[in-house]
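Visitor: Got a structure for you, final35.cif, holding mmCIF, C-alpha atoms.
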data_input
loop_
_atom_site.label_atom_id
_atom_site.label_comp_id
_atom_site.auth_asym_id
_atom_site.auth_seq_id
_atom_site.Cartn_x
_atom_site.Cartn_y
_atom_site.Cartn_z
CA ALA A 260 34.19 -45.34 -7.39
CA THR A 261 31.26 -47.32 -6.04
CA ARG A 262 33.35 -48.63 -3.14
CA ALA A 263 34.49 -45.10 -2.36
CA SER A 264 30.85 -43.94 -2.41
CA ALA A 265 29.84 -46.64 0.05
CA THR A 266 32.76 -45.82 2.33
CA ALA A 267 31.90 -42.12 2.26
CA ALA A 268 28.27 -42.83 3.16
CA LEU A 269 29.16 -45.31 5.88
CA ARG A 270 31.94 -43.48 7.70
CA PRO A 271 29.87 -40.70 9.36
CA ILE A 272 27.20 -43.22 10.38
CA GLU A 273 29.77 -45.57 11.90
CA THR A 274 31.36 -42.64 13.70
CA ARG A 275 28.02 -41.61 15.17
CA LEU A 276 27.29 -45.19 16.26
CA ALA A 277 30.71 -45.43 17.90
CA ARG A 278 29.91 -42.29 19.92
CA GLN A 279 26.70 -43.86 21.16
CA THR A 280 28.30 -47.14 22.23
CA THR A 281 31.03 -45.38 24.22
CA GLN A 282 28.72 -43.00 26.09
CA ASP A 283 26.63 -43.85 29.11
CA ILE A 284 23.85 -41.53 27.96
CA ARG A 285 22.59 -41.29 24.40
CA ALA A 286 22.35 -37.60 23.52
CA PRO A 287 19.10 -36.79 21.65
CA ARG A 288 21.04 -34.95 18.95
CA ASP A 289 22.96 -38.14 18.14
CA GLY A 290 19.73 -39.79 17.07
CA VAL A 291 18.71 -36.75 15.02
CA ILE A 292 22.06 -36.62 13.22
CA LEU A 293 22.05 -40.37 12.60
CA ARG A 294 18.56 -40.14 11.15
CA LEU A 295 19.56 -37.27 8.86
CA LEU A 296 22.60 -39.18 7.63
CA ALA A 297 20.46 -42.22 6.84
CA GLN A 298 17.89 -39.95 5.21
CA SER A 299 20.57 -38.63 2.87
CA VAL A 300 21.56 -42.17 1.88
CA GLY A 301 17.94 -43.13 1.26
CA ALA A 302 17.27 -40.03 -0.85
CA ARG A 303 20.28 -40.67 -3.09
CA GLY A 304 19.15 -44.25 -3.61
CA ALA A 305 22.60 -45.53 -4.59
CA ALA A 306 22.49 -49.32 -4.24
CA VAL A 307 26.05 -49.65 -2.98
CA GLU A 308 25.46 -47.08 -0.23
CA LEU A 309 22.16 -48.64 0.81
CA GLN A 310 23.76 -52.07 0.98
CA ALA A 311 26.60 -50.79 3.13
CA VAL A 312 24.32 -48.98 5.58
CA THR A 313 21.71 -51.73 5.86
CA ALA A 314 24.49 -54.26 6.51
CA LEU A 315 24.97 -52.47 9.84
CA LEU A 316 21.34 -53.16 10.73
CA LEU A 317 21.74 -56.90 10.19
CA ALA A 318 25.21 -57.25 11.68
CA ALA A 319 24.28 -56.20 15.22
CA PRO A 320 21.74 -58.27 17.20
CA THR A 321 18.72 -56.25 18.29
CA SER A 322 18.90 -55.37 21.98
CA PRO A 323 17.87 -52.49 24.23
CA GLU A 324 21.22 -50.89 23.34
CA THR A 325 21.00 -51.28 19.56
CA ARG A 326 17.24 -50.80 19.12
CA PRO A 327 17.30 -46.96 19.33
CA TRP A 328 19.91 -46.48 16.61
CA LYS A 329 18.36 -49.16 14.40
CA ILE A 330 15.07 -47.27 14.56
CA ASP A 331 16.86 -44.00 13.71
CA VAL A 332 18.55 -45.58 10.68
CA ILE A 333 15.38 -47.27 9.41
CA SER A 334 13.29 -44.13 9.91
CA GLY A 335 15.90 -41.99 8.15
CA LEU A 336 16.17 -44.40 5.22
CA GLY A 337 12.38 -44.46 4.96
CA GLU A 338 12.14 -40.68 4.86
CA GLY A 339 14.83 -40.55 2.19
CA THR A 340 13.40 -43.25 -0.08
CA ARG A 341 9.91 -41.72 0.20
CA ARG A 342 11.27 -38.50 -1.27
CA SER A 343 12.33 -40.43 -4.37
CA GLY A 344 8.92 -42.09 -4.66
CA VAL A 345 10.03 -45.56 -3.54
CA THR A 346 8.76 -47.45 -0.52
CA LEU A 347 11.23 -48.58 2.11
CA ALA A 348 9.78 -52.10 2.00
CA ALA A 349 10.52 -52.35 -1.72
CA VAL A 350 14.10 -51.16 -1.20
CA PHE A 351 14.67 -53.62 1.64
CA GLU A 352 13.16 -56.50 -0.32
CA LYS A 353 15.59 -55.86 -3.15
CA ILE A 354 18.64 -55.64 -0.89
CA ASN A 355 17.85 -58.40 1.60
CA PRO A 356 14.38 -59.65 2.66
CA ARG A 357 15.74 -60.05 6.21
CA LEU A 358 15.59 -56.26 6.50
CA ASN A 359 11.79 -56.29 6.20
CA GLN A 360 11.60 -58.97 8.87
CA LEU A 361 13.83 -56.86 11.12
CA THR A 362 11.53 -53.89 10.55
CA ALA A 363 8.46 -56.01 11.31
CA ASP A 364 10.03 -57.20 14.57
CA LEU A 365 10.89 -53.63 15.58
CA LEU A 366 7.35 -52.51 14.75
CA GLN A 367 5.86 -55.19 16.98
CA GLU A 368 8.15 -54.12 19.82
CA ALA A 369 7.25 -50.47 19.19
CA ALA A 370 3.53 -51.29 19.41
CA SER A 371 4.13 -52.61 22.94
CA LEU A 372 6.65 -49.99 24.03
CA VAL A 373 4.61 -46.96 22.98
CA VAL A 374 1.87 -47.81 25.50
CA ASP A 375 4.26 -48.81 28.29
CA SER A 376 3.95 -46.14 30.96
CA GLN A 377 7.12 -47.45 32.61
CA ALA A 378 9.21 -46.72 29.53
CA GLY A 379 10.89 -43.34 29.17
CA LEU A 380 9.19 -40.70 27.07
CA PRO A 381 12.01 -40.55 24.46
CA ALA A 382 11.66 -44.29 23.81
CA ARG A 383 7.88 -44.00 23.54
CA LEU A 384 8.13 -41.06 21.15
CA GLN A 385 10.61 -42.93 18.99
CA SER A 386 8.31 -45.94 18.93
CA ALA A 387 5.32 -43.79 17.94
CA GLY A 388 7.29 -42.39 15.02
CA LEU A 389 8.48 -45.81 13.90
CA LEU A 390 4.91 -47.14 13.83
CA GLY A 391 4.26 -44.79 10.94
CA TRP A 392 6.40 -47.05 8.75
CA GLY A 393 4.16 -50.01 9.39
CA THR A 394 0.47 -50.59 8.72
CA TYR A 395 -2.60 -49.21 10.42
CA ALA A 396 -3.48 -52.76 11.41
CA VAL A 397 -0.37 -52.86 13.60
CA ALA A 398 -0.15 -49.20 14.62
CA GLY A 399 -3.78 -48.16 15.01
CA LYS A 400 -4.70 -49.62 18.38
CA PRO A 401 -1.54 -48.64 20.33
CA LEU A 402 -1.44 -45.14 18.83
CA LEU A 403 -5.11 -44.53 19.61
CA ALA A 404 -4.37 -45.63 23.19
CA CYS A 405 -1.77 -42.85 23.34
CA LEU A 406 -4.54 -40.26 22.86
CA ASP A 407 -5.73 -40.83 26.41
CA SER A 408 -5.68 -37.52 28.27
CA LYS A 409 -3.44 -39.04 30.95
CA GLN A 410 -0.65 -39.60 28.42
CA PRO A 411 2.13 -37.00 27.90
CA THR A 412 1.01 -34.22 25.55
CA ASP A 413 4.00 -34.67 23.24
CA LEU A 414 3.11 -38.33 22.83
CA GLN A 415 -0.54 -37.50 22.10
CA LEU A 416 0.45 -34.98 19.43
CA LEU A 417 2.88 -37.35 17.72
CA ALA A 418 0.29 -40.13 17.84
CA VAL A 419 -2.20 -37.88 16.02
CA ARG A 420 0.34 -36.99 13.32
CA THR A 421 1.39 -40.60 12.85
CA LEU A 422 -2.19 -41.85 12.68
CA ALA A 423 -3.21 -39.10 10.26
CA ALA A 424 -0.60 -40.21 7.74
CA PHE A 425 -2.37 -43.56 7.26
CA PRO A 426 -4.90 -43.54 4.38
CA ASP A 427 -7.28 -45.99 6.09
CA THR A 428 -10.90 -44.79 6.22
CA ASP A 429 -11.18 -45.67 9.90
CA VAL A 430 -8.58 -43.08 10.95
CA GLY A 431 -10.75 -39.94 10.75
CA PRO A 432 -13.68 -41.24 12.81
CA GLN A 433 -11.30 -42.72 15.37
CA LEU A 434 -9.49 -39.39 15.77
CA LEU A 435 -12.79 -37.60 16.38
CA ALA A 436 -14.15 -40.27 18.72
CA GLY A 437 -12.16 -38.99 21.70
CA TRP A 438 -12.80 -35.29 21.01
CA THR A 439 -14.42 -34.42 24.32
CA ASN A 440 -11.40 -35.66 26.26
CA TYR A 441 -8.74 -33.91 24.17
CA SER A 442 -6.79 -30.92 25.41
CA PRO A 443 -6.84 -27.77 23.22
CA PRO A 444 -3.43 -28.55 21.61
CA VAL A 445 -4.53 -32.09 20.73
CA ARG A 446 -7.85 -30.84 19.32
CA THR A 447 -5.97 -28.40 17.11
CA GLU A 448 -3.66 -31.18 15.92
CA VAL A 449 -6.63 -33.43 15.08
CA ILE A 450 -8.36 -30.68 13.10
CA GLU A 451 -5.19 -29.84 11.16
CA ALA A 452 -4.67 -33.53 10.43
CA LEU A 453 -8.20 -33.92 9.07
CA LEU A 454 -7.93 -30.75 6.99
CA ALA A 455 -4.80 -32.17 5.35
CA ARG A 456 -6.78 -34.93 3.60
CA PRO A 457 -9.70 -34.00 1.32
CA ASP A 458 -11.42 -37.34 1.91
CA ARG A 459 -11.65 -36.54 5.64
CA ILE A 460 -13.00 -33.02 5.30
CA PRO A 461 -16.65 -34.23 5.25
CA LEU A 462 -16.09 -35.41 8.81
CA LEU A 463 -15.32 -31.82 9.79
CA LEU A 464 -18.37 -30.53 7.91
CA ASP A 465 -20.46 -32.81 10.11
CA GLU A 466 -18.74 -31.33 13.17
CA ILE A 467 -18.28 -27.73 11.97
CA ASP A 468 -19.06 -26.34 15.42
CA VAL A 469 -15.82 -27.84 16.79
CA LEU A 470 -13.75 -25.58 14.55
CA GLY A 471 -12.38 -22.23 15.64
CA PRO A 472 -12.73 -19.17 13.35
CA GLU A 473 -9.26 -19.58 11.83
CA GLN A 474 -9.84 -23.26 11.10
CA GLN A 475 -13.25 -22.53 9.57
CA VAL A 476 -11.58 -20.08 7.20
CA LYS A 477 -8.98 -22.69 6.29
CA LEU A 478 -11.68 -25.28 5.67
CA LEU A 479 -13.57 -22.90 3.37
CA ARG A 480 -10.35 -22.12 1.49
CA VAL A 481 -9.71 -25.80 0.91
CA LEU A 482 -13.28 -26.33 -0.28
CA GLU A 483 -13.14 -23.35 -2.65
CA SER A 484 -9.67 -23.87 -4.11
CA GLY A 485 -9.30 -27.64 -3.87
CA GLU A 486 -5.77 -27.06 -2.55
CA PHE A 487 -4.53 -28.64 0.64
CA GLU A 488 -1.31 -29.45 2.50
CA PRO A 489 -0.73 -33.20 2.93
CA VAL A 490 0.21 -34.57 6.35
CA GLY A 491 3.97 -34.44 6.84
CA SER A 492 4.49 -31.92 4.05
CA ASN A 493 4.91 -28.16 3.79
CA ARG A 494 3.87 -28.21 0.13
CA THR A 495 0.40 -27.23 -1.07
CA VAL A 496 -1.12 -29.46 -3.75
#
Take the structure in the file and write it out as structure tokens.
Guide:
Amino acid sequence: ATRASATAALRPIETRLARQTTQDIRAPRDGVILRLLAQSVGARGAAVELQAVTALLLAAPTSPETRPWKIDVISGLGEGTRRSGVTLAAVFEKINPRLNQLTADLLQEAASLVVDSQAGLPARLQSAGLLGWGTYAVAGKPLLACLDSKQPTDLQLLAVRTLAAFPDTDVGPQLLAGWTNYSPPVRTEVIEALLARPDRIPLLLDEIDVLGPEQQVKLLRVLESGEFEPVGSNRTV
């Protein structure tokens, strides 16, 4: 039964990878589907399935061709395991410590790629998302560099969301530091990110004049009720 479970989990992922290696262009939806499949495996948390899927990560050498799908699989597994209250690092350590080293190597590459203006936007966006699975020590500087007004708006917005998910106390002040250079969409994203964490709300109280009427109402509601919506969630707590 366990072997059958592993085979069932692995087959659609292998099929999706085969599609990517036989096509000249990697369709964006392939990455999305691959990530969702890995997310499902991570959420179930079945050891035999996790071992089968992560074996794919270690079997193929990391290269420009394999890096994108490895990031999709790792990100999907991370999203799935987080739902069950387990960290991806803990899962990888239990299966094979080499997986954490692989992730660390990919994170270091992502930190360089995300600020590379010569890289394509899809690769930079994927790198920005992956950095969220690392530490602020690794991700902070390159993601903050992505908030430069000359960077693509989509990259700026994702950088804000990824940074906001880190609990480090330095994040809030750093997000506000570039306020005068932000475009309206980026300013809105920064405010929403700060409102999502009660410990960062005092920063907004110090800068209340930067809030629009709707955001001021939301801030007052959070202060009165004590309820807020965490970053990356659609659930009020």
Visitor: Point out the residue among A:Ser343, A:Thr325, A:Thr439, A:Thr394 with the least atom-to-atom distance to Thr421 (chain A), counting only C-alpha atoms.
Guide: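 So, comparing all the options, the nearest one is A:Thr394.
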Visitor: Excluding region 414-420 of chain A and residues on its chain fewer than 3 positions from it, collect all residues at most 6 Å away from it, counting all atoms listed in the file, and give them as a list of chain:residue names.
Guide: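 Skipping anything fewer than 3 positions along the chain leaves A:Leu384, A:Leu402, A:Cys405, A:Leu406, A:Pro411, A:Ala423, A:Val445.
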Visitor: Could you give me, as a compact mmCIF listing (two decimals) with C-alpha atoms, in the coordinates of the input, the residues within 12 Å of Arg326 (chain A), counting all atoms listed in the file and dropping anything in the same chain fewer than 3 positions from it?
Guide:
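This is the output file result_38.txt:
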# COMPACT_ATOMS: atom_id res chain seq x y z
CA LEU A 276 27.29 -45.19 16.26
CA GLN A 279 26.70 -43.86 21.16
CA GLY A 290 19.73 -39.79 17.07
CA LEU A 316 21.34 -53.16 10.73
CA LEU A 317 21.74 -56.90 10.19
CA ALA A 319 24.28 -56.20 15.22
CA PRO A 320 21.74 -58.27 17.20
CA THR A 321 18.72 -56.25 18.29
CA SER A 322 18.90 -55.37 21.98
CA PRO A 323 17.87 -52.49 24.23
CA LYS A 329 18.36 -49.16 14.40
CA ILE A 330 15.07 -47.27 14.56
CA ASP A 331 16.86 -44.00 13.71
CA VAL A 332 18.55 -45.58 10.68
CA ILE A 333 15.38 -47.27 9.41
CA LEU A 361 13.83 -56.86 11.12
CA THR A 362 11.53 -53.89 10.55
CA ASP A 364 10.03 -57.20 14.57
CA LEU A 365 10.89 -53.63 15.58
CA LEU A 366 7.35 -52.51 14.75
CA GLU A 368 8.15 -54.12 19.82
CA ALA A 369 7.25 -50.47 19.19
CA LEU A 372 6.65 -49.99 24.03
CA ALA A 382 11.66 -44.29 23.81
CA GLN A 385 10.61 -42.93 18.99
CA SER A 386 8.31 -45.94 18.93
CA LEU A 389 8.48 -45.81 13.90
Visitor: Which of these residues is nearest to Ser408 (chain A), using all atoms listed in the file: A:Gly431, A:Gly337, A:Gly304, A:Pro443?
Guide: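 Of A:Gly431, A:Gly337, A:Gly304, A:Pro443, the one nearest Ser408 (chain A), counting all atoms listed in the file, is A:Pro443.
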Visitor: Pull out every residue that the PyMOL selection byres ((chain A and resi 336) around 9) matches in the shown coordinates and put them as number ranges by chain.
Guide: A: 294-302, 309, 331-335, 337-341, 347
Visitor: So what do you get for CA of Ala363 (chain A) versus CA of Phe425 (chain A), distance-wise?
Guide: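 Value for the CA of Ala363 (chain A)-CA of Phe425 (chain A) distance: 17.0 Å.
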Visitor: Which residues match the PyMOL selection byres ((chain A and resi 434) around 9) in the file above, as a list in words?
Guide: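 After applying the PyMOL selection byres ((chain A and resi 434) around 9), what remains is Leu403, Leu406, Val419, Leu422, Ala423, Asp429, Val430, Gly431, Pro432, Gln433, Leu435, Ala436, Gly437, Trp438, Val449 and Leu453 of chain A.
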Visitor: For each of A:Ala318, A:Ala370, A:Ala455, A:Val345, take the minimum atom-to-atom distance to Arg303 (chain A), counting all atoms listed in the file, then give the residue where this is smallest.
Guide: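 Nearest to Arg303 (chain A): A:Val345.
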Visitor: Can you tell me how far CA of Gly399 (chain A) sits from CA of Thr447 (chain A), in Å to one decimal?
Guide: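 Those two atoms sit 20.0 Å apart.
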Visitor: Could you tell me how far CA of Leu462 (chain A) sits from CA of Thr428 (chain A), in Å to one decimal place?
Guide: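 Between CA of Thr428 (chain A) and CA of Leu462 (chain A) the gap is 11.0 Å.
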Visitor: Translate the PyMOL selection byres ((chain A and resi 310) around 10) into a concrete residue list for this structure, as number ranges by chain.
Guide: A: 265, 269, 305-309, 311-315, 350-351, 353-355
Visitor: From the set A:Gly393, A:Asp375, A:Asp407, A:Lys400, which residue has the shortest atom-to-atom contact distance to Thr346 (chain A), counting only C-alpha atoms?
Guide: A:Gly393
